[in-house]
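One file, entry-v6.pdb, carrying PDB, C-alpha atoms and all ligand atoms:
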```pdb
ATOM      1  CA  MET A   1     105.072  98.024 106.261
ATOM      2  CA  GLN A   2     103.762 101.062 108.111
ATOM      3  CA  ALA A   3     100.295 102.391 107.324
ATOM      4  CA  LEU A   4     100.025 105.326 104.975
ATOM      5  CA  ALA A   5      99.529 108.731 106.576
ATOM      6  CA  ILE A   6      98.551 110.386 103.322
ATOM      7  CA  SER A   7      98.100 109.061  99.814
ATOM      8  CA  ALA A   8      97.119 110.217  96.357
ATOM      9  CA  SER A   9      95.174 107.946  93.982
ATOM     10  CA  ALA A  10      94.871 108.460  90.234
ATOM     11  CA  ILE A  11      95.391 112.218  90.518
ATOM     12  CA  SER A  12      95.129 114.234  87.332
ATOM     13  CA  VAL A  13      95.462 118.009  87.204
ATOM     14  CA  SER A  14      95.093 120.312  84.241
ATOM     15  CA  ILE A  15      95.688 124.028  84.339
ATOM     16  CA  GLY A  16      93.794 125.662  81.491
ATOM     17  CA  LYS A  17      94.139 123.114  78.712
ATOM     18  CA  ALA A  18      97.565 121.930  79.854
ATOM     19  CA  PRO A  19      97.682 118.550  81.617
ATOM     20  CA  ILE A  20     100.131 118.809  84.534
ATOM     21  CA  LEU A  21      99.668 115.512  86.439
ATOM     22  CA  HIS A  22      98.696 112.306  84.646
ATOM     23  CA  GLY A  23      97.043 109.826  87.015
ATOM     24  CA  VAL A  24      99.536 110.051  89.865
ATOM     25  CA  THR A  25      99.303 107.450  92.630
ATOM     26  CA  ALA A  26     101.691 107.713  95.575
ATOM     27  CA  GLY A  27     101.623 106.826  99.267
ATOM     28  CA  PHE A  28     103.503 108.367 102.202
ATOM     29  CA  ARG A  29     104.089 106.211 105.245
ATOM     30  CA  LYS A  30     103.303 107.222 108.810
ATOM     31  CA  GLY A  31     106.178 108.439 110.955
ATOM     32  CA  ARG A  32     108.563 108.530 108.034
ATOM     33  CA  TRP A  33     110.240 111.225 106.007
ATOM     34  CA  THR A  34     109.691 111.003 102.254
ATOM     35  CA  SER A  35     111.539 113.143  99.702
ATOM     36  CA  ILE A  36     109.894 113.953  96.394
ATOM     37  CA  VAL A  37     112.535 114.631  93.744
ATOM     38  CA  GLY A  38     112.674 115.100  89.988
ATOM     39  CA  PRO A  39     113.607 117.614  87.327
ATOM     40  CA  ASN A  40     112.154 121.142  87.203
ATOM     41  CA  GLY A  41     108.574 121.065  85.985
ATOM     42  CA  ALA A  42     108.069 117.404  86.930
ATOM     43  CA  GLY A  43     104.884 118.275  88.877
ATOM     44  CA  LYS A  44     106.320 118.003  92.405
ATOM     45  CA  SER A  45     104.819 121.261  93.712
ATOM     46  CA  THR A  46     101.540 120.453  91.989
ATOM     47  CA  LEU A  47     101.351 117.050  93.710
ATOM     48  CA  LEU A  48     102.151 118.619  97.087
ATOM     49  CA  LYS A  49      99.353 121.184  96.610
ATOM     50  CA  VAL A  50      96.955 118.357  95.753
ATOM     51  CA  LEU A  51      97.966 116.532  98.954
ATOM     52  CA  ALA A  52      97.374 119.762 100.885
ATOM     53  CA  GLY A  53      93.908 120.034  99.348
ATOM     54  CA  ILE A  54      94.569 123.452  97.818
ATOM     55  CA  LEU A  55      94.366 122.517  94.130
ATOM     56  CA  PRO A  56      91.337 121.085  92.315
ATOM     57  CA  CYS A  57      92.006 117.689  90.728
ATOM     58  CA  THR A  58      90.410 114.449  89.669
ATOM     59  CA  GLY A  59      91.256 111.377  91.721
ATOM     60  CA  SER A  60      91.354 111.208  95.499
ATOM     61  CA  VAL A  61      93.524 112.051  98.484
ATOM     62  CA  ASN A  62      93.283 110.070 101.694
ATOM     63  CA  LEU A  63      94.519 111.496 105.006
ATOM     64  CA  LEU A  64      94.870 109.103 107.969
ATOM     65  CA  GLY A  65      92.272 106.749 106.543
ATOM     66  CA  GLU A  66      89.656 109.382 105.616
ATOM     67  CA  PRO A  67      89.103 111.010 102.230
ATOM     68  CA  LEU A  68      90.415 114.596 102.436
ATOM     69  CA  PRO A  69      87.052 116.271 101.583
ATOM     70  CA  GLU A  70      85.454 114.532 104.602
ATOM     71  CA  TRP A  71      87.755 116.322 107.042
ATOM     72  CA  SER A  72      86.464 119.520 108.630
ATOM     73  CA  ARG A  73      88.601 122.534 107.712
ATOM     74  CA  ARG A  74      89.713 122.964 111.293
ATOM     75  CA  GLU A  75      90.692 119.343 111.891
ATOM     76  CA  ARG A  76      92.435 119.200 108.549
ATOM     77  CA  ALA A  77      94.425 122.335 109.383
ATOM     78  CA  GLN A  78      95.399 120.822 112.754
ATOM     79  CA  THR A  79      96.546 117.605 111.091
ATOM     80  CA  LEU A  80      98.159 118.809 107.898
ATOM     81  CA  GLY A  81     100.946 121.400 108.112
ATOM     82  CA  TRP A  82     102.154 123.232 105.039
ATOM     83  CA  LEU A  83     105.219 125.166 103.922
ATOM     84  CA  GLY A  84     104.858 126.306 100.322
ATOM     85  CA  GLN A  85     107.458 127.216  97.715
ATOM     86  CA  ASN A  86     108.082 130.975  97.378
ATOM     87  CA  GLU A  87     105.365 131.671  99.874
ATOM     88  CA  ILE A  88     103.885 135.091 100.011
ATOM     89  CA  ALA A  89     103.326 136.164 103.584
ATOM     90  CA  ALA A  90     102.392 139.373 105.390
ATOM     91  CA  GLU A  91     105.713 141.188 105.083
ATOM     92  CA  ASP A  92     104.787 143.832 107.696
ATOM     93  CA  LEU A  93     103.972 141.301 110.364
ATOM     94  CA  GLY A  94     106.591 140.483 113.006
ATOM     95  CA  ALA A  95     108.181 137.036 112.916
ATOM     96  CA  TYR A  96     106.558 136.083 116.244
ATOM     97  CA  ASP A  97     103.096 136.890 114.911
ATOM     98  CA  ILE A  98     103.822 135.057 111.639
ATOM     99  CA  VAL A  99     104.701 131.921 113.603
ATOM    100  CA  MET A 100     101.600 132.382 115.798
ATOM    101  CA  LEU A 101      99.543 132.064 112.574
ATOM    102  CA  GLY A 102     100.621 128.414 112.618
ATOM    103  CA  ARG A 103      98.619 128.045 115.862
ATOM    104  CA  ILE A 104      95.301 129.310 114.438
ATOM    105  CA  PRO A 105      93.908 125.788 113.878
ATOM    106  CA  HIS A 106      94.372 125.140 117.624
ATOM    107  CA  GLN A 107      92.783 128.368 118.848
ATOM    108  CA  SER A 108      89.164 129.072 119.592
ATOM    109  CA  TRP A 109      87.462 131.884 117.759
ATOM    110  CA  LEU A 110      88.474 135.314 119.123
ATOM    111  CA  ALA A 111      90.182 133.817 122.172
ATOM    112  CA  PRO A 112      93.678 135.134 122.858
ATOM    113  CA  PRO A 113      96.562 132.695 122.306
ATOM    114  CA  SER A 114      96.975 130.279 125.201
ATOM    115  CA  ALA A 115     100.160 129.563 127.156
ATOM    116  CA  ALA A 116     100.485 126.390 125.053
ATOM    117  CA  ASP A 117     100.323 128.494 121.865
ATOM    118  CA  HIS A 118     103.056 130.849 123.114
ATOM    119  CA  ALA A 119     105.195 127.872 124.163
ATOM    120  CA  ALA A 120     104.809 126.226 120.744
ATOM    121  CA  VAL A 121     105.774 129.477 118.990
ATOM    122  CA  GLU A 122     108.865 129.898 121.144
ATOM    123  CA  ARG A 123     109.902 126.244 120.625
ATOM    124  CA  ALA A 124     109.526 126.581 116.855
ATOM    125  CA  LEU A 125     111.441 129.886 116.690
ATOM    126  CA  ARG A 126     114.246 128.454 118.810
ATOM    127  CA  ALA A 127     114.401 125.189 116.828
ATOM    128  CA  THR A 128     114.940 127.175 113.619
ATOM    129  CA  GLN A 129     117.466 129.552 115.238
ATOM    130  CA  SER A 130     115.106 132.449 114.568
ATOM    131  CA  TRP A 131     114.082 133.472 118.098
ATOM    132  CA  LYS A 132     116.315 136.522 117.638
ATOM    133  CA  TYR A 133     114.113 137.731 114.770
ATOM    134  CA  ARG A 134     110.880 137.522 116.765
ATOM    135  CA  SER A 135     110.326 141.292 116.780
ATOM    136  CA  ARG A 136     111.509 141.913 113.216
ATOM    137  CA  SER A 137     108.985 142.258 110.429
ATOM    138  CA  LEU A 138     109.247 139.503 107.853
ATOM    139  CA  GLY A 139     110.029 141.943 105.045
ATOM    140  CA  THR A 140     113.287 143.040 106.729
ATOM    141  CA  LEU A 141     114.762 139.528 106.903
ATOM    142  CA  SER A 142     117.152 137.949 104.395
ATOM    143  CA  GLY A 143     115.895 135.098 102.214
ATOM    144  CA  GLY A 144     117.317 132.417 104.507
ATOM    145  CA  GLU A 145     116.158 134.126 107.722
ATOM    146  CA  ARG A 146     112.669 134.505 106.261
ATOM    147  CA  GLN A 147     112.607 130.862 105.207
ATOM    148  CA  ARG A 148     113.477 129.807 108.771
ATOM    149  CA  VAL A 149     110.616 131.881 110.179
ATOM    150  CA  LEU A 150     108.199 130.295 107.681
ATOM    151  CA  LEU A 151     109.557 126.884 108.656
ATOM    152  CA  ALA A 152     108.936 127.815 112.307
ATOM    153  CA  ARG A 153     105.323 128.664 111.405
ATOM    154  CA  ALA A 154     104.906 125.176 109.910
ATOM    155  CA  LEU A 155     106.539 123.564 112.985
ATOM    156  CA  ALA A 156     104.356 125.564 115.386
ATOM    157  CA  SER A 157     101.274 123.934 113.884
ATOM    158  CA  GLU A 158     102.485 120.649 115.457
ATOM    159  CA  ALA A 159     100.677 118.851 112.668
ATOM    160  CA  GLN A 160     100.903 115.052 112.355
ATOM    161  CA  VAL A 161     101.618 115.363 108.649
ATOM    162  CA  LEU A 162     103.930 118.100 107.411
ATOM    163  CA  LEU A 163     104.195 118.964 103.707
ATOM    164  CA  MET A 164     107.153 121.165 102.729
ATOM    165  CA  ASP A 165     108.009 122.445  99.257
ATOM    166  CA  GLU A 166     111.707 123.256  98.871
ATOM    167  CA  PRO A 167     112.170 124.084 102.554
ATOM    168  CA  LEU A 168     115.925 124.487 102.105
ATOM    169  CA  ALA A 169     115.597 127.354  99.615
ATOM    170  CA  ASN A 170     118.066 130.085 100.632
ATOM    171  CA  LEU A 171     119.354 128.165 103.668
ATOM    172  CA  ASP A 172     123.119 128.050 104.201
ATOM    173  CA  PRO A 173     124.735 124.654 104.954
ATOM    174  CA  PRO A 174     124.588 124.960 108.787
ATOM    175  CA  HIS A 175     120.885 125.808 108.666
ATOM    176  CA  GLN A 176     120.305 122.970 106.169
ATOM    177  CA  ALA A 177     121.923 120.648 108.719
ATOM    178  CA  ASP A 178     119.622 122.085 111.428
ATOM    179  CA  TRP A 179     116.621 121.431 109.197
ATOM    180  CA  LEU A 180     117.780 117.827 108.729
ATOM    181  CA  ALA A 181     118.071 117.377 112.499
ATOM    182  CA  ILE A 182     114.595 118.865 113.069
ATOM    183  CA  VAL A 183     113.022 116.555 110.477
ATOM    184  CA  ARG A 184     114.721 113.490 111.962
ATOM    185  CA  VAL A 185     113.409 114.329 115.436
ATOM    186  CA  LEU A 186     109.904 114.932 114.054
ATOM    187  CA  ALA A 187     109.881 111.594 112.212
ATOM    188  CA  ALA A 188     111.273 109.775 115.274
ATOM    189  CA  LYS A 189     108.349 111.198 117.280
ATOM    190  CA  GLY A 190     105.868 109.881 114.693
ATOM    191  CA  THR A 191     105.320 112.923 112.466
ATOM    192  CA  THR A 192     105.029 112.158 108.759
ATOM    193  CA  VAL A 193     107.177 114.524 106.713
ATOM    194  CA  VAL A 194     106.872 114.923 102.946
ATOM    195  CA  SER A 195     109.365 117.318 101.395
ATOM    196  CA  VAL A 196     110.078 118.349  97.826
ATOM    197  CA  LEU A 197     113.820 118.879  97.618
ATOM    198  CA  HIS A 198     116.096 119.808  94.767
ATOM    199  CA  GLU A 199     119.171 119.244  96.937
ATOM    200  CA  ILE A 200     119.484 115.579  95.944
ATOM    201  CA  SER A 201     122.141 114.730  98.520
ATOM    202  CA  MET A 202     119.872 116.094 101.279
ATOM    203  CA  ALA A 203     116.914 114.232  99.786
ATOM    204  CA  LEU A 204     118.872 110.965 100.052
ATOM    205  CA  ASN A 205     118.863 111.346 103.862
ATOM    206  CA  ALA A 206     115.115 110.671 103.923
ATOM    207  CA  ASP A 207     113.573 107.250 104.600
ATOM    208  CA  ASP A 208     111.594 106.975 101.386
ATOM    209  CA  MET A 209     111.879 108.592  97.974
ATOM    210  CA  VAL A 210     109.263 109.386  95.332
ATOM    211  CA  ILE A 211     110.739 110.240  91.946
ATOM    212  CA  MET A 212     108.691 112.267  89.455
ATOM    213  CA  ALA A 213     109.119 113.304  85.827
ATOM    214  CA  GLY A 214     106.722 114.696  83.241
ATOM    215  CA  GLY A 215     103.734 114.784  85.583
ATOM    216  CA  ARG A 216     104.115 111.137  86.624
ATOM    217  CA  VAL A 217     105.665 109.154  89.458
ATOM    218  CA  THR A 218     108.443 107.136  87.853
ATOM    219  CA  TYR A 219     109.751 105.368  90.969
ATOM    220  CA  GLU A 220     109.074 104.886  94.685
ATOM    221  CA  GLY A 221     111.593 103.211  96.975
ATOM    222  CA  LEU A 222     113.828 103.369 100.005
ATOM    223  CA  CYS A 223     116.522 106.063  99.958
ATOM    224  CA  VAL A 224     119.183 103.458 100.804
ATOM    225  CA  ASP A 225     118.269 101.065  97.959
ATOM    226  CA  ALA A 226     120.592 100.756  94.975
ATOM    227  CA  ALA A 227     117.544 100.522  92.678
ATOM    228  CA  THR A 228     116.370 103.934  93.957
ATOM    229  CA  HIS A 229     119.816 105.377  93.213
ATOM    230  CA  ARG A 230     119.715 104.014  89.649
ATOM    231  CA  ALA A 231     116.198 105.466  89.143
ATOM    232  CA  LEU A 232     117.438 108.819  90.438
ATOM    233  CA  GLU A 233     120.397 108.829  88.053
ATOM    234  CA  ALA A 234     118.090 107.899  85.162
ATOM    235  CA  VAL A 235     115.531 110.647  85.859
ATOM    236  CA  PHE A 236     118.337 113.208  85.696
ATOM    237  CA  ASP A 237     119.669 111.688  82.432
ATOM    238  CA  HIS A 238     122.744 110.376  84.261
ATOM    239  CA  ARG A 239     123.902 113.925  84.987
ATOM    240  CA  VAL A 240     124.161 112.865  88.649
ATOM    241  CA  ALA A 241     125.784 109.776  90.142
ATOM    242  CA  VAL A 242     124.871 108.492  93.617
ATOM    243  CA  ARG A 243     127.928 107.460  95.606
ATOM    244  CA  SER A 244     128.656 106.558  99.208
ATOM    245  CA  VAL A 245     131.040 108.992 100.899
ATOM    246  CA  ALA A 246     131.827 108.701 104.610
ATOM    247  CA  ASP A 247     128.757 106.504 105.180
ATOM    248  CA  GLN A 248     126.460 108.995 103.467
ATOM    249  CA  TRP A 249     124.763 108.757 100.090
ATOM    250  CA  ILE A 250     125.524 111.795  98.000
ATOM    251  CA  ALA A 251     124.641 112.817  94.447
ATOM    252  CA  LEU A 252     127.637 113.999  92.434
ATOM    253  CA  PRO A 253     127.142 116.139  89.307
ATOM    254  CA  GLN A 254     128.386 114.394  86.151
TER     255      GLN A 254
HETATM  256  P1  LIG B   1     108.002 121.219  89.925
HETATM  257  O1  LIG B   1     107.584 121.643  91.287
HETATM  258  O2  LIG B   1     108.271 119.755  89.802
HETATM  259  O3  LIG B   1     109.162 121.998  89.389
HETATM  260  P2  LIG B   1     105.356 122.178  89.160
HETATM  261  O4  LIG B   1     104.440 121.243  89.848
HETATM  262  O5  LIG B   1     105.523 123.530  89.757
HETATM  263  O6  LIG B   1     106.780 121.478  88.919
HETATM  264  O7  LIG B   1     104.861 122.383  87.665
HETATM  265  C1  LIG B   1     104.635 121.293  86.783
HETATM  266  C2  LIG B   1     104.355 121.828  85.385
HETATM  267  O8  LIG B   1     103.134 122.544  85.422
HETATM  268  C3  LIG B   1     105.399 122.783  84.864
HETATM  269  O9  LIG B   1     105.619 122.515  83.512
HETATM  270  C4  LIG B   1     104.774 124.138  85.071
HETATM  271  O10 LIG B   1     105.240 125.049  84.107
HETATM  272  C5  LIG B   1     103.310 123.849  84.889
HETATM  273  N1  LIG B   1     102.468 124.773  85.675
HETATM  274  C6  LIG B   1     102.418 124.874  87.012
HETATM  275  N2  LIG B   1     101.547 125.839  87.391
HETATM  276  C7  LIG B   1     101.047 126.348  86.253
HETATM  277  C8  LIG B   1     100.093 127.374  85.938
HETATM  278  N3  LIG B   1      99.470 128.073  86.920
HETATM  279  N4  LIG B   1      99.827 127.608  84.637
HETATM  280  C9  LIG B   1     100.422 126.895  83.651
HETATM  281  N5  LIG B   1     101.320 125.932  83.870
HETATM  282  C10 LIG B   1     101.624 125.651  85.137
HETATM  283 MG    MG B   2     108.261 123.130  92.566
END
```
In structure tokens, what does this structure look like?
Ligand code: ADP
Ligand code: MG
Amino acid sequence: MQALAISASAISVSIGKAPILHGVTAGFRKGRWTSIVGPNGAGKSTLLKVLAGILPCTGSVNLLGEPLPEWSRRERAQTLGWLGQNEIAAEDLGAYDIVMLGRIPHQSWLAPPSAADHAAVERALRATQSWKYRSRSLGTLSGGERQRVLLARALASEAQVLLMDEPLANLDPPHQADWLAIVRVLAAKGTTVVSVLHEISMALNADDMVIMAGGRVTYEGLCVDAATHRALEAVFDHRVAVRSVADQWIALPQ
């Protein structure tokens, strides 16, 4: 069993008077890709924000063996990459500069970007097939093009732990396949990837799965395990069925 890269213990979140997460405990293993899945409103985005340290909560988050609050802001930003759901970004900024924002945790104050920063930005833009948009402002891109630039920003951070909330939003099937390939390479190189996905068939490609409903984790298991598939079918009230097609697990609507 690999060590945990990031974990949440007894996390509760309330917004106003409404309880959103009820004592969630979940661990994400180093160098593996974990999908978080569950119905709309299950608390997936809320849990991801807690892991990223951007939402107040009770309970604790541990990153690479240290409680999250004990990390310096800079080291935490170098270690923990983030791609949010429906992210608002500077629409007037060019795609290249947006992706360079992912390098801020690696730069010294007021120093110009280094050759390594430029190289990381170019690698990330090319990996997401968005090098051609480098001079376009974000606001002029289509939903899928924009999403790829924001993904490139997260990749450029070269963080050891990457948290992504619905990264496939607006991506067409070829670019979803590219995303899958990128994540597999990252995990093979030791990066820990945690992604919230509503594309269940894509989510089943991960190593591990965390299933949530009603502000709780209802199941954690391997994506290839039959018990995980049954838990997945149950959380969606048997409106999906997990089947093997051409050596792939896919979720069929019922
Ligand atoms: P998911 O990502 O699984 O769809 P979320 O974590 O976004 O779910 O939300 C979980 C629940 O918390 C939902 O019922 C949502 O309506 C509620 N919620 C999230 N943010 C707020 C907020 N700012 N104010 C009130 N309710 C919220
Ligand atoms: Mg969400």
Problem - Explicit residues for the PyMOL selection byres (((chain A and resi 222) around 8) and not hetatm) (as a list in words) - result: Asp207, Asp208, Met209, Glu220, Gly221, Cys223, Val224, Asp225 and Thr228 of chain A
Practice task
Report as a list in words which protein, DNA and RNA residues come within 7 Å of ligand MG 2 (chain B), using all atoms listed in the file.
Solution key: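 These are the residues that qualify: Asn40, Gly41, Gly43, Lys44, Ser45, Gln85 and Asp165 of chain A.
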Using all atoms listed in the file, which residues of chain A come within 10 Å of ligand LIG 1 (chain B), and what is the closest atom pair for each, with the distance in Å to one decimal? Give it as CSV, sorted by chain and residue number.
```
residue,atom,partner,partner_atom,distance
A:Val13,CA,B:LIG1,O8,9.1
A:Ser14,CA,B:LIG1,N5,8.4
A:Ile15,CA,B:LIG1,N4,5.5
A:Gly16,CA,B:LIG1,N4,7.1
A:Lys17,CA,B:LIG1,C9,8.8
A:Ala18,CA,B:LIG1,N5,6.8
A:Pro19,CA,B:LIG1,O8,7.8
A:Ile20,CA,B:LIG1,O8,4.9
A:Leu21,CA,B:LIG1,C1,7.6
A:Ile36,CA,B:LIG1,O2,8.9
A:Val37,CA,B:LIG1,O2,7.7
A:Gly38,CA,B:LIG1,O2,6.4
A:Pro39,CA,B:LIG1,O2,6.3
A:Asn40,CA,B:LIG1,O3,3.8
A:Gly41,CA,B:LIG1,O6,3.5
A:Ala42,CA,B:LIG1,O2,3.7
A:Gly43,CA,B:LIG1,O4,3.2
A:Lys44,CA,B:LIG1,O2,3.7
A:Ser45,CA,B:LIG1,O1,3.7
A:Thr46,CA,B:LIG1,O4,3.7
A:Leu47,CA,B:LIG1,O4,6.5
A:Leu48,CA,B:LIG1,O4,8.0
A:Lys49,CA,B:LIG1,O4,8.5
A:Val50,CA,B:LIG1,O4,10.0
A:Gln85,CA,B:LIG1,O1,8.5
A:Asp165,CA,B:LIG1,O1,8.0
A:Glu166,CA,B:LIG1,O1,8.8
A:Val196,CA,B:LIG1,O1,7.7
A:Leu197,CA,B:LIG1,O1,9.3
A:His198,CA,B:LIG1,O3,9.0
A:Met212,CA,B:LIG1,O2,7.5
A:Ala213,CA,B:LIG1,O2,7.6
A:Gly214,CA,B:LIG1,C1,7.8
A:Gly215,CA,B:LIG1,C1,6.7
```
Exercise for the section: Quick one: apply the PyMOL selection byres (((chain A and resi 88-103) around 7) and not hetatm) to the file and drop the selected residues here as a count of residues only. Expected result: 21
Exercise for the section: With the file shown as input, list the residues that the PyMOL selection byres (((chain A and resi 2) around 9) and not hetatm) selects, as a PyMOL selection string. Expected result: chain A and resi 1+3-5+29-32
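When all atoms listed in the file are used to compute distances to Leu80 in chain A, the closest of the residues A:Ile6, A:Val245, A:Leu150, A:Val240 turns out to be A:Ile6.
One finds CA of Leu168 in chain A at 27.8 Å from CA of Arg74 in chain A.
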Handout entry: Near-range 22-25 of chain A list (6 Å; only C-alpha atoms; drop same-chain fewer than 4 positions) as a list of chain:residue names
Key =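 Near range 22-25 of chain A, the qualifying residues are A:Ala8, A:Ser9, A:Ala10, A:Ile11, A:Ser12, A:Gly215, A:Arg216.
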Practice task
Could you tell me how far CA of Trp82 in chain A lies from CA of Trp179 in chain A, in Å and to one decimal?
Solution key: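 CA of Trp179 in chain A lies at a distance of 15.2 Å from CA of Trp82 in chain A.
Atom pair CA of Gln254 in chain A / CA of Ala241 in chain A: separated by 6.6 Å.
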Exercise for the section: Would you please work out which residue, of A:Leu204, A:Leu186, A:Leu63, A:Leu163, is nearest to Gly84 in chain A when using only C-alpha atoms? Expected result: A:Leu163
Exercise for the section: Please identify all polymer residues within 8 Å of Ala159 in chain A, counting only C-alpha atoms, omitting same-chain residues fewer than 3 positions from it, and present them as a list in words. Expected result: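 Residues near the query, excluding close chain neighbours: Ala77, Gln78, Thr79, Leu80, Gly81, Leu155, Leu162 and Thr191 of chain A.
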Exercise for the section: Up to 12 Å from (120.4, 115.2, 104.4) in the file's coordinates: name the residues, counting all atoms listed in the file, as a PyMOL selection string. Expected result: chain A and resi 33-35+168+173-184+195+197-207+223+248-251
Please produce a file of the residues just selected, as an mmCIF file, in the frame of the given file, where the atoms kept are C-alpha atoms.
```
data_model
loop_
_atom_site.group_PDB
_atom_site.id
_atom_site.type_symbol
_atom_site.label_atom_id
_atom_site.label_comp_id
_atom_site.auth_asym_id
_atom_site.auth_seq_id
_atom_site.Cartn_x
_atom_site.Cartn_y
_atom_site.Cartn_z
ATOM 1 C CA TRP A 33 110.240 111.225 106.007
ATOM 2 C CA THR A 34 109.691 111.003 102.254
ATOM 3 C CA SER A 35 111.539 113.143 99.702
ATOM 4 C CA LEU A 168 115.925 124.487 102.105
ATOM 5 C CA PRO A 173 124.735 124.654 104.954
ATOM 6 C CA PRO A 174 124.588 124.960 108.787
ATOM 7 C CA HIS A 175 120.885 125.808 108.666
ATOM 8 C CA GLN A 176 120.305 122.970 106.169
ATOM 9 C CA ALA A 177 121.923 120.648 108.719
ATOM 10 C CA ASP A 178 119.622 122.085 111.428
ATOM 11 C CA TRP A 179 116.621 121.431 109.197
ATOM 12 C CA LEU A 180 117.780 117.827 108.729
ATOM 13 C CA ALA A 181 118.071 117.377 112.499
ATOM 14 C CA ILE A 182 114.595 118.865 113.069
ATOM 15 C CA VAL A 183 113.022 116.555 110.477
ATOM 16 C CA ARG A 184 114.721 113.490 111.962
ATOM 17 C CA SER A 195 109.365 117.318 101.395
ATOM 18 C CA LEU A 197 113.820 118.879 97.618
ATOM 19 C CA HIS A 198 116.096 119.808 94.767
ATOM 20 C CA GLU A 199 119.171 119.244 96.937
ATOM 21 C CA ILE A 200 119.484 115.579 95.944
ATOM 22 C CA SER A 201 122.141 114.730 98.520
ATOM 23 C CA MET A 202 119.872 116.094 101.279
ATOM 24 C CA ALA A 203 116.914 114.232 99.786
ATOM 25 C CA LEU A 204 118.872 110.965 100.052
ATOM 26 C CA ASN A 205 118.863 111.346 103.862
ATOM 27 C CA ALA A 206 115.115 110.671 103.923
ATOM 28 C CA ASP A 207 113.573 107.250 104.600
ATOM 29 C CA CYS A 223 116.522 106.063 99.958
ATOM 30 C CA GLN A 248 126.460 108.995 103.467
ATOM 31 C CA TRP A 249 124.763 108.757 100.090
ATOM 32 C CA ILE A 250 125.524 111.795 98.000
ATOM 33 C CA ALA A 251 124.641 112.817 94.447
#
```
Can you complete the atoms of range 142-146 of chain A to all heavy atoms and list them as a PDB file, in the frame of the given file?
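Once everything was written out, this is rebuild_12.pdb:
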```pdb
ATOM      1  N   SER A 142     116.538 138.490 105.622  1.00  0.00           N
ATOM      2  CA  SER A 142     117.152 137.949 104.395  1.00  0.00           C
ATOM      3  C   SER A 142     116.357 136.720 103.957  1.00  0.00           C
ATOM      4  O   SER A 142     115.545 136.195 104.716  1.00  0.00           O
ATOM      5  CB  SER A 142     118.601 137.535 104.680  1.00  0.00           C
ATOM      6  OG  SER A 142     118.635 136.289 105.349  1.00  0.00           O
ATOM      7  N   GLY A 143     116.624 136.252 102.750  1.00  0.00           N
ATOM      8  CA  GLY A 143     115.895 135.098 102.214  1.00  0.00           C
ATOM      9  C   GLY A 143     115.951 133.890 103.139  1.00  0.00           C
ATOM     10  O   GLY A 143     114.934 133.245 103.405  1.00  0.00           O
ATOM     11  N   GLY A 144     117.153 133.599 103.654  1.00  0.00           N
ATOM     12  CA  GLY A 144     117.317 132.417 104.507  1.00  0.00           C
ATOM     13  C   GLY A 144     116.671 132.607 105.869  1.00  0.00           C
ATOM     14  O   GLY A 144     116.077 131.676 106.429  1.00  0.00           O
ATOM     15  N   GLU A 145     116.771 133.837 106.421  1.00  0.00           N
ATOM     16  CA  GLU A 145     116.158 134.126 107.722  1.00  0.00           C
ATOM     17  C   GLU A 145     114.634 134.009 107.630  1.00  0.00           C
ATOM     18  O   GLU A 145     113.976 133.426 108.497  1.00  0.00           O
ATOM     19  CB  GLU A 145     116.559 135.542 108.172  1.00  0.00           C
ATOM     20  CG  GLU A 145     118.042 135.673 108.494  1.00  0.00           C
ATOM     21  CD  GLU A 145     118.548 137.118 108.531  1.00  0.00           C
ATOM     22  OE1 GLU A 145     117.791 138.061 108.183  1.00  0.00           O
ATOM     23  OE2 GLU A 145     119.727 137.313 108.895  1.00  0.00           O
ATOM     24  N   ARG A 146     114.105 134.538 106.522  1.00  0.00           N
ATOM     25  CA  ARG A 146     112.669 134.505 106.261  1.00  0.00           C
ATOM     26  C   ARG A 146     112.188 133.056 106.140  1.00  0.00           C
ATOM     27  O   ARG A 146     111.164 132.667 106.703  1.00  0.00           O
ATOM     28  CB  ARG A 146     112.468 135.250 104.943  1.00  0.00           C
ATOM     29  CG  ARG A 146     111.091 135.460 104.504  1.00  0.00           C
ATOM     30  CD  ARG A 146     111.157 136.283 103.195  1.00  0.00           C
ATOM     31  NE  ARG A 146     109.836 136.718 102.847  1.00  0.00           N
ATOM     32  CZ  ARG A 146     108.924 135.918 102.330  1.00  0.00           C
ATOM     33  NH1 ARG A 146     109.220 134.669 102.061  1.00  0.00           N
ATOM     34  NH2 ARG A 146     107.721 136.384 102.066  1.00  0.00           N
TER      35      ARG A 146
END
```
